[in-house]
file run_1.txt (compact mmCIF, C-alpha atoms and all ligand atoms)
# COMPACT_ATOMS: atom_id res chain seq x y z
CA MET A 22 10.99 -16.84 7.48
CA SER A 23 8.61 -19.54 6.33
CA THR A 24 9.72 -21.00 3.03
CA GLU A 25 6.17 -22.23 2.51
CA LEU A 26 5.09 -18.78 1.42
CA GLY A 27 7.37 -18.93 -1.64
CA THR A 28 6.37 -20.39 -5.00
CA TYR A 29 8.15 -21.98 -7.95
CA ALA A 30 7.54 -18.88 -10.11
CA LYS A 31 10.63 -17.06 -11.33
CA ILE A 32 10.73 -13.39 -10.30
CA SER A 33 10.04 -11.30 -13.41
CA TRP A 34 10.35 -7.85 -11.88
CA CYS A 35 13.36 -5.86 -13.18
CA PRO A 36 16.50 -6.94 -11.28
CA GLY A 37 16.69 -4.86 -8.09
CA CYS A 38 13.09 -3.64 -8.28
CA PRO A 39 11.92 -2.54 -4.80
CA ASN A 40 8.76 -4.63 -5.32
CA ASN A 41 11.03 -7.43 -4.08
CA GLN A 42 11.43 -5.60 -0.78
CA ILE A 43 7.66 -5.27 -0.39
CA LEU A 44 7.35 -9.01 -1.06
CA VAL A 45 9.97 -9.80 1.60
CA ALA A 46 8.33 -7.47 4.12
CA PHE A 47 4.92 -9.05 3.54
CA ARG A 48 6.21 -12.62 3.79
CA LYS A 49 7.97 -11.73 7.04
CA ALA A 50 4.87 -10.00 8.42
CA VAL A 51 2.64 -12.99 7.65
CA THR A 52 5.21 -15.47 8.97
CA GLU A 53 5.60 -13.61 12.25
CA LEU A 54 1.85 -13.21 12.77
CA CYS A 55 1.32 -16.91 12.01
CA GLU A 56 4.14 -17.99 14.32
CA ALA A 57 2.61 -15.85 17.07
CA GLY A 58 -0.71 -17.65 16.54
CA THR A 59 -2.47 -14.43 15.54
CA LEU A 60 -3.11 -15.46 11.94
CA LYS A 61 -3.41 -18.70 10.02
CA GLU A 62 -1.96 -18.84 6.52
CA GLU A 63 -5.00 -20.71 5.23
CA ASN A 64 -7.24 -17.86 6.42
CA ILE A 65 -5.46 -15.16 4.41
CA VAL A 66 -6.57 -14.06 0.94
CA ALA A 67 -4.47 -11.64 -1.09
CA GLY A 68 -5.76 -9.84 -4.17
CA ALA A 69 -4.24 -7.46 -6.70
CA GLY A 70 -5.23 -5.35 -9.66
CA ILE A 71 -3.14 -4.80 -12.78
CA GLY A 72 0.38 -3.42 -12.82
CA CYS A 73 3.88 -4.39 -11.73
CA HIS A 74 2.56 -4.72 -8.15
CA ALA A 75 0.19 -7.51 -9.21
CA LYS A 76 3.03 -9.93 -9.92
CA ILE A 77 3.42 -10.25 -6.14
CA LEU A 78 0.61 -12.81 -6.18
CA ASP A 79 2.76 -15.13 -8.32
CA TYR A 80 5.32 -15.25 -5.52
CA LEU A 81 2.97 -15.93 -2.62
CA ASN A 82 1.89 -19.45 -1.84
CA MET A 83 -1.51 -18.53 -0.41
CA ASN A 84 -5.08 -17.93 -1.52
CA THR A 85 -4.99 -15.19 -4.15
CA PHE A 86 -7.33 -13.42 -6.57
CA ASN A 87 -6.16 -11.40 -9.57
CA ALA A 88 -8.74 -8.74 -10.38
CA LEU A 89 -9.25 -6.34 -13.28
CA HIS A 90 -7.43 -3.03 -13.52
CA GLY A 91 -8.33 -0.87 -10.52
CA ARG A 92 -10.72 -3.51 -9.18
CA ALA A 93 -8.73 -5.32 -6.50
CA LEU A 94 -10.68 -3.61 -3.73
CA PRO A 95 -14.27 -4.59 -4.61
CA ALA A 96 -13.14 -8.18 -5.18
CA ILE A 97 -11.40 -8.30 -1.81
CA GLU A 98 -14.32 -6.57 -0.08
CA GLY A 99 -16.68 -9.17 -1.53
CA ILE A 100 -14.48 -12.02 -0.29
CA LYS A 101 -14.39 -10.49 3.20
CA ALA A 102 -18.16 -9.90 3.28
CA ALA A 103 -18.79 -13.51 2.24
CA ASN A 104 -16.44 -14.90 4.89
CA PRO A 105 -15.63 -12.36 7.63
CA ALA A 106 -13.33 -14.87 9.35
CA LEU A 107 -10.73 -14.30 6.63
CA THR A 108 -7.93 -11.74 6.74
CA VAL A 109 -7.87 -10.06 3.35
CA VAL A 110 -5.19 -7.95 1.69
CA ALA A 111 -5.52 -5.93 -1.50
CA PHE A 112 -2.24 -5.10 -3.18
CA SER A 113 -2.59 -2.28 -5.65
CA GLY A 114 -0.57 0.45 -7.34
CA ASP A 115 -0.91 4.19 -7.70
CA GLY A 116 -1.93 3.73 -11.32
CA ASP A 117 -4.31 0.95 -10.32
CA SER A 118 -6.06 2.64 -7.37
CA TYR A 119 -5.27 6.36 -7.44
CA SER A 120 -6.00 6.69 -11.15
CA GLU A 121 -8.04 3.74 -12.50
CA GLY A 122 -10.03 2.58 -9.46
CA LEU A 123 -10.09 5.62 -7.21
CA SER A 124 -13.78 5.42 -6.30
CA HIS A 125 -13.32 1.94 -4.82
CA LEU A 126 -10.68 3.30 -2.49
CA VAL A 127 -12.97 6.06 -1.24
CA HIS A 128 -15.98 3.78 -0.73
CA ALA A 129 -14.00 1.04 1.05
CA ALA A 130 -12.84 3.70 3.52
CA GLN A 131 -16.34 5.17 3.80
CA ARG A 132 -17.68 1.73 4.80
CA ASN A 133 -14.72 0.99 7.09
CA SER A 134 -14.60 -2.39 5.40
CA ASP A 135 -12.23 -4.64 7.32
CA ILE A 136 -9.66 -4.95 4.56
CA ASN A 137 -5.96 -4.18 4.22
CA ILE A 138 -4.90 -2.01 1.30
CA PHE A 139 -1.18 -1.97 0.45
CA ILE A 140 -0.39 0.45 -2.38
CA HIS A 141 2.89 0.08 -4.30
CA ASP A 142 3.22 3.80 -5.05
CA ASN A 143 5.93 4.31 -7.66
CA GLN A 144 4.26 7.50 -8.98
CA ILE A 145 3.91 6.17 -12.54
CA PHE A 146 2.23 3.48 -14.63
CA ALA A 147 5.35 1.29 -14.64
CA LEU A 148 4.06 -1.83 -16.42
CA THR A 149 3.19 0.28 -19.46
CA THR A 150 6.63 1.97 -19.38
CA GLY A 151 6.18 5.20 -17.48
CA GLN A 152 3.01 7.24 -17.98
CA ALA A 153 1.98 9.78 -15.31
CA THR A 154 -0.42 8.81 -12.51
CA ALA A 155 -2.25 10.86 -9.90
CA THR A 156 0.81 10.86 -7.63
CA SER A 157 3.41 11.81 -10.26
CA PRO A 158 5.16 14.96 -9.01
CA LYS A 159 4.79 18.30 -10.72
CA GLY A 160 7.43 18.54 -13.45
CA PHE A 161 7.53 14.76 -14.03
CA LYS A 162 8.43 13.98 -17.64
CA GLY A 163 7.11 10.78 -19.19
CA LEU A 164 5.40 9.40 -22.24
CA THR A 165 2.18 11.31 -21.56
CA ARG A 166 3.91 14.39 -20.09
CA PRO A 167 6.79 15.03 -22.55
CA THR A 168 7.19 18.64 -21.42
CA GLY A 169 6.64 17.91 -17.73
CA SER A 170 3.52 17.55 -15.63
CA ILE A 171 1.84 20.82 -14.70
CA GLU A 172 -0.44 19.17 -12.11
CA GLU A 173 0.12 18.98 -8.37
CA PRO A 174 0.07 15.33 -7.20
CA MET A 175 -2.86 14.13 -5.11
CA ASP A 176 -2.31 13.25 -1.45
CA PRO A 177 -3.75 9.75 -0.89
CA LEU A 178 -3.26 9.87 2.89
CA ARG A 179 -5.37 12.99 3.29
CA LEU A 180 -7.97 11.51 0.97
CA MET A 181 -8.20 8.31 3.01
CA ILE A 182 -8.38 10.08 6.38
CA THR A 183 -11.16 12.28 5.03
CA SER A 184 -12.98 9.31 3.48
CA GLY A 185 -13.16 7.39 6.78
CA ALA A 186 -10.28 4.90 6.80
CA THR A 187 -9.45 3.99 10.40
CA PHE A 188 -5.78 3.09 9.88
CA VAL A 189 -3.67 5.29 7.60
CA ALA A 190 0.08 4.91 7.16
CA ARG A 191 2.95 5.45 4.78
CA THR A 192 6.22 3.55 4.59
CA TYR A 193 9.19 3.15 2.24
CA ALA A 194 9.85 -0.12 0.42
CA GLY A 195 13.58 0.10 1.14
CA GLU A 196 12.91 0.03 4.89
CA ILE A 197 11.93 -3.62 5.06
CA GLU A 198 11.71 -3.93 8.85
CA LYS A 199 9.61 -0.78 9.22
CA THR A 200 7.37 -1.87 6.36
CA LYS A 201 6.95 -5.30 7.93
CA GLU A 202 5.96 -3.78 11.28
CA ILE A 203 3.46 -1.40 9.68
CA MET A 204 1.96 -4.29 7.65
CA LYS A 205 1.58 -6.31 10.85
CA GLU A 206 -0.13 -3.41 12.64
CA ALA A 207 -2.40 -2.93 9.63
CA MET A 208 -3.41 -6.59 9.49
CA LEU A 209 -4.17 -6.62 13.23
CA HIS A 210 -6.36 -3.53 12.90
CA LYS A 211 -10.13 -3.99 12.55
CA GLY A 212 -11.42 -1.75 9.78
CA THR A 213 -9.99 -0.24 6.62
CA SER A 214 -6.21 -0.27 6.89
CA PHE A 215 -4.51 1.79 4.24
CA VAL A 216 -0.73 1.78 3.69
CA ASP A 217 0.89 3.85 0.95
CA ILE A 218 4.27 2.25 0.21
CA ALA A 219 6.71 4.59 -1.52
CA GLN A 220 8.33 2.28 -4.07
CA PRO A 221 10.83 3.63 -6.59
CA CYS A 222 10.59 2.22 -10.12
CA ILE A 223 14.29 1.87 -10.85
CA THR A 224 13.69 1.50 -14.59
CA PHE A 225 11.31 4.36 -15.41
CA PHE A 226 11.38 6.70 -12.39
CA ASP A 227 14.25 6.04 -10.02
CA THR A 228 13.51 7.97 -6.84
CA ARG A 229 15.82 6.03 -4.51
CA ASP A 230 18.23 8.95 -3.94
CA PHE A 231 15.30 11.32 -3.43
CA TYR A 232 13.78 9.18 -0.70
CA LYS A 233 17.14 8.65 1.01
CA GLU A 234 17.31 12.41 1.54
CA HIS A 235 13.66 13.25 2.16
CA ILE A 236 12.09 10.61 4.42
CA ALA A 237 10.99 11.94 7.82
CA TRP A 238 9.50 9.37 10.23
CA LEU A 239 6.79 10.61 12.56
CA PRO A 240 7.96 11.40 16.11
CA GLU A 241 7.19 8.83 18.81
CA ASP A 242 4.80 11.21 20.56
CA HIS A 243 2.59 11.55 17.46
CA ASP A 244 -1.03 11.04 18.59
CA ALA A 245 -2.54 8.77 15.94
CA THR A 246 -5.98 8.95 17.58
CA ASN A 247 -6.29 12.67 16.89
CA VAL A 248 -7.72 13.24 13.41
CA ASP A 249 -6.57 16.88 13.21
CA MET A 250 -3.05 15.94 14.25
CA ALA A 251 -3.07 13.03 11.79
CA TYR A 252 -4.22 15.29 8.97
CA SER A 253 -1.65 17.99 9.63
CA ALA A 254 1.14 15.40 10.08
CA THR A 255 0.69 14.38 6.43
CA LYS A 256 1.83 17.86 5.34
CA ARG A 257 5.14 17.86 3.50
CA GLY A 258 7.09 20.55 5.32
CA ASP A 259 10.54 21.51 4.01
CA GLY A 260 10.11 19.07 1.12
CA LYS A 261 10.23 16.12 3.54
CA ILE A 262 8.04 13.06 3.02
CA PRO A 263 6.47 12.11 6.37
CA MET A 264 6.17 8.38 7.09
CA GLY A 265 4.72 6.20 9.81
CA ILE A 266 1.27 5.51 11.23
CA PHE A 267 -0.64 8.78 10.95
CA TYR A 268 -4.10 7.68 12.06
CA ARG A 269 -5.51 4.72 13.97
CA VAL A 270 -8.95 4.67 15.60
CA THR A 271 -11.61 2.08 16.41
CA SER A 272 -14.97 2.20 14.68
CA PRO A 273 -17.61 -0.43 13.74
CA THR A 274 -16.65 -2.23 10.54
CA PHE A 275 -18.87 -2.84 7.53
CA GLU A 276 -18.80 -6.59 8.13
CA GLU A 277 -19.74 -6.29 11.83
CA GLN A 278 -22.77 -4.21 10.87
CA LEU A 279 -23.63 -6.50 7.96
FE1 LIG B 1 9.87 -2.60 -10.90
FE2 LIG B 1 9.66 -0.47 -12.47
FE3 LIG B 1 10.62 -2.76 -13.44
FE4 LIG B 1 8.03 -2.51 -12.81
S1 LIG B 1 9.12 -1.43 -14.44
S2 LIG B 1 9.35 -4.27 -12.32
S3 LIG B 1 8.11 -1.18 -10.98
S4 LIG B 1 11.56 -1.48 -11.84
call {"tool": "encode", "arguments": {"input": "run_1.txt", "output": "structure tokens", "more": "lines below"}}
Ligand code: SF4
result
Amino acid sequence: MSTELGTYAKISWCPGCPNNQILVAFRKAVTELCEAGTLKEENIVAGAGIGCHAKILDYLNMNTFNALHGRALPAIEGIKAANPALTVVAFSGDGDSYSEGLSHLVHAAQRNSDINIFIHDNQIFALTTGQATATSPKGFKGLTRPTGSIEEPMDPLRLMITSGATFVARTYAGEIEKTKEIMKEAMLHKGTSFVDIAQPCITFFDTRDFYKEHIAWLPEDHDATNVDMAYSATKRGDGKIPMGIFYRVTSPTFEEQL
């Protein structure tokens, strides 16, 4: 792996935080795409919003932009529109994009803007010590849900398929190789690439054991070009959490039409 992607900054995530695994997967993905001649490091721009996920920019020696809370997407879309030759990545969190900046997610997908959206989905606002977000499970107890959440969590994959995203996937931070491969596929895709990354917060909502028992990768014969099959594949049958590339189709991008 290229050491040039690292920085002098000391990691300030909690020791063992799975954000580290997302960082490793992304560095590997970029390194492999650059070594294959598919990407150039100087042509990549990574952005982030506010939250634990956003620290990832401190550990990436590349062009970066730190946006306001929930606003990584419009900033990254603007950068892409101004220079379509760039490959742009928006890191965000469930608190940042499923709660604070949800409308940006929907409209990026609606435009099929050629951006990559990688969501660190730990199902809470972790940086502010554990408040509920839109993906917190029913029954979750936290600072703002002391007696347990009575809401069903939203399904971001279904939302993004319905909104028009042309690449929709979910992976697990602990599966670094699988996450790397999905990130590479996302970055090679033309159009809105959306990847929900299940990422336990080991300090405020440790879901590592849960994911070990409940991950179900999509079968190899899953037809990602079929929107109905993609939509139904997101369904959580038997309590399992389906993962993989659910949907991938070609459609004119916002920047091509611009
Ligand atoms: Fe990671 Fe949670 Fe610590 Fe944030 S609070 S750095 S998500 S373990």
call {"tool": "closest_residue", "arguments": {"input": "run_1.txt", "among": "A:Asp227, A:Glu206, A:Glu276, A:Asp79", "to": "Gln144 in chain A", "atoms": "only C-alpha atoms"}}
result
A:Asp227
call {"tool": "residues_near_ligand", "arguments": {"input": "run_1.txt", "ligand": "ligand LIG 1 (chain B)", "cutoff": "6 Å", "atoms": "only C-alpha atoms and all ligand atoms", "output": "short mmCIF file (atom, residue, chain, number, x, y, z; two decimals) with C-alpha atoms, in the coordinates of the input"}}
result
data_model
loop_
_atom_site.label_atom_id
_atom_site.label_comp_id
_atom_site.auth_asym_id
_atom_site.auth_seq_id
_atom_site.Cartn_x
_atom_site.Cartn_y
_atom_site.Cartn_z
CA TRP A 34 10.35 -7.85 -11.88
CA CYS A 35 13.36 -5.86 -13.18
CA CYS A 38 13.09 -3.64 -8.28
CA CYS A 73 3.88 -4.39 -11.73
CA ALA A 147 5.35 1.29 -14.64
CA LEU A 148 4.06 -1.83 -16.42
CA CYS A 222 10.59 2.22 -10.12
CA ILE A 223 14.29 1.87 -10.85
CA THR A 224 13.69 1.50 -14.59
CA PHE A 225 11.31 4.36 -15.41
#
call {"tool": "residues_near_point", "arguments": {"input": "run_1.txt", "point": "(4.4, -19.2, -4.7)", "cutoff": "10 Å", "atoms": "all atoms listed in the file", "output": "JSON, numbers by chain"}}
result
{"A": [24, 25, 26, 27, 28, 29, 30, 31, 77, 78, 79, 80, 81, 82, 83]}
call {"tool": "residues_around", "arguments": {"input": "run_1.txt", "residues": "range 97-99 of chain A", "least_positions_apart": "2", "cutoff": "10 Å", "atoms": "all atoms listed in the file", "output": "PDB file with C-alpha atoms, in the frame of the given file"}}
result
ATOM      1  CA  VAL A  66      -6.570 -14.060   0.940  1.00  0.00           C
ATOM      2  CA  ALA A  67      -4.470 -11.640  -1.090  1.00  0.00           C
ATOM      3  CA  GLY A  68      -5.760  -9.840  -4.170  1.00  0.00           C
ATOM      4  CA  ALA A  69      -4.240  -7.460  -6.700  1.00  0.00           C
ATOM      5  CA  THR A  85      -4.990 -15.190  -4.150  1.00  0.00           C
ATOM      6  CA  PHE A  86      -7.330 -13.420  -6.570  1.00  0.00           C
ATOM      7  CA  ASN A  87      -6.160 -11.400  -9.570  1.00  0.00           C
ATOM      8  CA  ALA A  88      -8.740  -8.740 -10.380  1.00  0.00           C
ATOM      9  CA  ARG A  92     -10.720  -3.510  -9.180  1.00  0.00           C
ATOM     10  CA  ALA A  93      -8.730  -5.320  -6.500  1.00  0.00           C
ATOM     11  CA  LEU A  94     -10.680  -3.610  -3.730  1.00  0.00           C
ATOM     12  CA  PRO A  95     -14.270  -4.590  -4.610  1.00  0.00           C
ATOM     13  CA  LYS A 101     -14.390 -10.490   3.200  1.00  0.00           C
ATOM     14  CA  ALA A 102     -18.160  -9.900   3.280  1.00  0.00           C
ATOM     15  CA  ALA A 103     -18.790 -13.510   2.240  1.00  0.00           C
ATOM     16  CA  ASN A 104     -16.440 -14.900   4.890  1.00  0.00           C
ATOM     17  CA  PRO A 105     -15.630 -12.360   7.630  1.00  0.00           C
ATOM     18  CA  THR A 108      -7.930 -11.740   6.740  1.00  0.00           C
ATOM     19  CA  VAL A 109      -7.870 -10.060   3.350  1.00  0.00           C
ATOM     20  CA  VAL A 110      -5.190  -7.950   1.690  1.00  0.00           C
ATOM     21  CA  ALA A 111      -5.520  -5.930  -1.500  1.00  0.00           C
ATOM     22  CA  PHE A 112      -2.240  -5.100  -3.180  1.00  0.00           C
ATOM     23  CA  HIS A 125     -13.320   1.940  -4.820  1.00  0.00           C
ATOM     24  CA  ALA A 129     -14.000   1.040   1.050  1.00  0.00           C
ATOM     25  CA  SER A 134     -14.600  -2.390   5.400  1.00  0.00           C
ATOM     26  CA  ASP A 135     -12.230  -4.640   7.320  1.00  0.00           C
ATOM     27  CA  ILE A 136      -9.660  -4.950   4.560  1.00  0.00           C
ATOM     28  CA  ASN A 137      -5.960  -4.180   4.220  1.00  0.00           C
ATOM     29  CA  ILE A 138      -4.900  -2.010   1.300  1.00  0.00           C
ATOM     30  CA  PHE A 275     -18.870  -2.840   7.530  1.00  0.00           C
ATOM     31  CA  GLU A 276     -18.800  -6.590   8.130  1.00  0.00           C
TER      32      GLU A 276
END
call {"tool": "closest_residue", "arguments": {"input": "run_1.txt", "among": "A:Val216, A:Ala75, A:Leu54, A:Met181", "to": "Asn41 in chain A", "atoms": "all atoms listed in the file"}}
result
A:Ala75
call {"tool": "atom_distance", "arguments": {"input": "run_1.txt", "atom1": "CA of His235 in chain A", "atom2": "CA of Ala254 in chain A"}}
result
15.0 Å
call {"tool": "closest_residue", "arguments": {"input": "run_1.txt", "among": "A:Thr59, A:Gln131, A:Thr150, A:Thr192", "to": "Leu209 in chain A", "atoms": "all atoms listed in the file"}}
result
A:Thr59
call {"tool": "atom_distance", "arguments": {"input": "run_1.txt", "atom1": "CA of Phe161 in chain A", "atom2": "CA of Phe231 in chain A"}}
result
13.6 Å
call {"tool": "residues_near_point", "arguments": {"input": "run_1.txt", "point": "(-7.4, -1.6, 15.5)", "cutoff": "6 Å", "atoms": "all atoms listed in the file", "output": "list in words"}}
result
His210, Lys211 and Thr271 of chain A
call {"tool": "write_last_selection", "arguments": {"input": "run_1.txt", "atoms": "C-alpha atoms", "output": "PDB file, in the frame of the given file"}}
result
ATOM      1  CA  HIS A 210      -6.360  -3.530  12.900  1.00  0.00           C
ATOM      2  CA  LYS A 211     -10.130  -3.990  12.550  1.00  0.00           C
ATOM      3  CA  THR A 271     -11.610   2.080  16.410  1.00  0.00           C
TER       4      THR A 271
END
call {"tool": "atom_distance", "arguments": {"input": "run_1.txt", "atom1": "CA of Phe146 in chain A", "atom2": "CA of Gly116 in chain A"}}
result
5.3 Å
call {"tool": "closest_residue", "arguments": {"input": "run_1.txt", "among": "A:Phe226, A:Tyr232, A:Tyr268, A:Phe215", "to": "Ala245 in chain A", "atoms": "only C-alpha atoms"}}
result
A:Tyr268
call {"tool": "closest_residue", "arguments": {"input": "run_1.txt", "among": "A:Ser214, A:Asn64, A:Gln152, A:Gln220", "to": "Glu196 in chain A", "atoms": "only C-alpha atoms"}}
result
A:Gln220
call {"tool": "closest_residue", "arguments": {"input": "run_1.txt", "among": "A:Ile32, A:Ile236, A:Ala153, A:Leu279", "to": "Ile262 in chain A", "atoms": "all atoms listed in the file"}}
result
A:Ile236
call {"tool": "residues_around", "arguments": {"input": "run_1.txt", "residues": "Gly265 in chain A", "least_positions_apart": "5", "cutoff": "8 Å", "atoms": "only C-alpha atoms", "output": "ChimeraX atom specification"}}
result
/A:190-192,203,238-239
call {"tool": "axis_aligned_box", "arguments": {"input": "run_1.txt", "around": "range 194-207 of chain A", "padding_each_side": "4 Å", "output": "lines of an AutoDock Vina configuration file"}}
result
center_x = 5.6
center_y = -3.1
center_z = 6.5
size_x = 24.0
size_y = 14.4
size_z = 20.2
call {"tool": "residues_around", "arguments": {"input": "run_1.txt", "residues": "Tyr252 in chain A", "least_positions_apart": "5", "cutoff": "9 Å", "atoms": "only C-alpha atoms", "output": "list of chain:residue names"}}
result
A:Leu178, A:Arg179, A:Ile182, A:Thr183, A:Asn247, A:Phe267, A:Tyr268
call {"tool": "residues_around", "arguments": {"input": "run_1.txt", "residues": "Leu123 in chain A", "least_positions_apart": "4", "cutoff": "10 Å", "atoms": "all atoms listed in the file", "output": "PyMOL selection string"}}
result
chain A and resi 91-92+94+115-119+127-128+155+177
